[in-house]
Amino acid sequence: MWQYSFNKPVIVLALFAFGMTVIPINDALIKLMSVYLSLGQIMFLRAILSIIIVMLVSRGISKMFRLPAHIFWQFVGRGMCIVVAMISFFAALGSLPLAIAISIFFVSPLFITLLSVPILGETIGIHRAIAVLIGLVGMIVIIQPGGDEFRPETLLVVLSALSYALCQIWTRRLSGMGDLATMVSVQQICYLVVGGLLLVMNIFMQRPDSDNPTIDFLLRAPASLSLMDYLFILICGISVLLLSVTSAHAYRVLEASVIAPFEYVAIPSGIFWGMLIWDEWPETSAWIGMGLILIGGLYMVYREKARDVDVTLSAPMPAAAAPSQNLDYRDDDITDDDANK
């Protein structure tokens, strides 16, 4: 159980940065397993592990069954947005370098800013509009649409970022409904159901491997898991839980505008694991694009901090389930108002 004793900002930020450093390990391990396992198989097994952990530390599963029907189905809709984001992201990882996928996904906070205008009726000033434009230019530089280096799989990451942004917008609309542990429980059930359906499809619609890693990762027949595979999936679950704990603590103790820059720690971490495991060194255009996305995101944070507005920029790893979904380890003692502070 997470203890709320480390409240000094430097410690809080250090723990959060550590969580963001670790979470790309989850993506790297899933990319490793994508060569011989299917996404449905990995997704299903990790969901089982996550549900077991949730049941051990909270009453989210039991509370899920007591939700009013209209709130439950909104939670399901929000959870399915995360599922689409995760499937799109990890399907793309079968073909893309890890650092490239993570960097493109970091446009999700910029998408949130854009979508908040038509969906939430919010307004954005010239500075945030410029920040969004810079980030989108960075995304285009990385993707290179129409160029010789264009990879269709990069569009899956854009879809993932967009779906994730829709999830976060939905999260804002659901503020005050249910509690965080229940929301996370519904999300894990969504993972379990969709992962199970993919696994059933893999069983009854088996097809031989092709020369397309993304299609193979989605449609490959189930395979026997080694002890190392189970260890990898366990590490994935623990890394996701670690980020949930550190982000939950950080977002309750500090302002989001202070925390948000530390989310970008995931980019160099992703580059590091890509270099270490696959000897992937981003090309010059990728470095430029990552730099623009980083500049756009941090400039938007700076402007919000200057205006003294507490905004939420979402953590960019679909497998991490987002800081704003913080698992409430003190579920029995914290009210909804407390959990949303």
# chains A, B, ... in the order shown; residues from 1 in each chain; ligands from 1

$ residues_around --residues "stretch 70-74 of chain A" --least-positions-apart "3" --cutoff "9 Å" --atoms "only C-alpha atoms" --output "ChimeraX atom specification"
/A:64-67,77-79,170,174,177-178,183,186

$ residues_around --residues "stretch 81-93 of chain A" --least-positions-apart "3" --cutoff "6 Å" --atoms "only C-alpha atoms" --output "list in words"
Lys31, Arg78, Leu96, Glu153, Leu156, Val157, Ser160, Ser163, Tyr164, Cys167, Thr214 and Pro318 of chain A

$ closest_residue --among "A:Val184, A:Ile25, A:Val141, A:Ala266" --to "A:Ser285" --atoms "only C-alpha atoms"
A:Val141

$ select_by_dssp --residues "stretch 17-197 of chain A" --states "helix (DSSP H, G or I)" --output "ChimeraX atom specification"
/A:17-33,39-57,60-64,69-93,98-105,108-120,126-143,153-173,180-197

$ atom_distance --atom1 "atom CA of A:Met55" --atom2 "atom CA of A:Arg173"
26.1 Å

$ closest_residue --among "A:Gly237, A:Gly19, A:Gly94, A:Pro68" --to "A:Ile215" --atoms "only C-alpha atoms"
A:Gly94

$ residues_around --residues "A:Glu283" --least-positions-apart "3" --cutoff "12 Å" --atoms "only C-alpha atoms" --output "ChimeraX atom specification"
/A:97,99-100,141-143,149,271,280,286-290
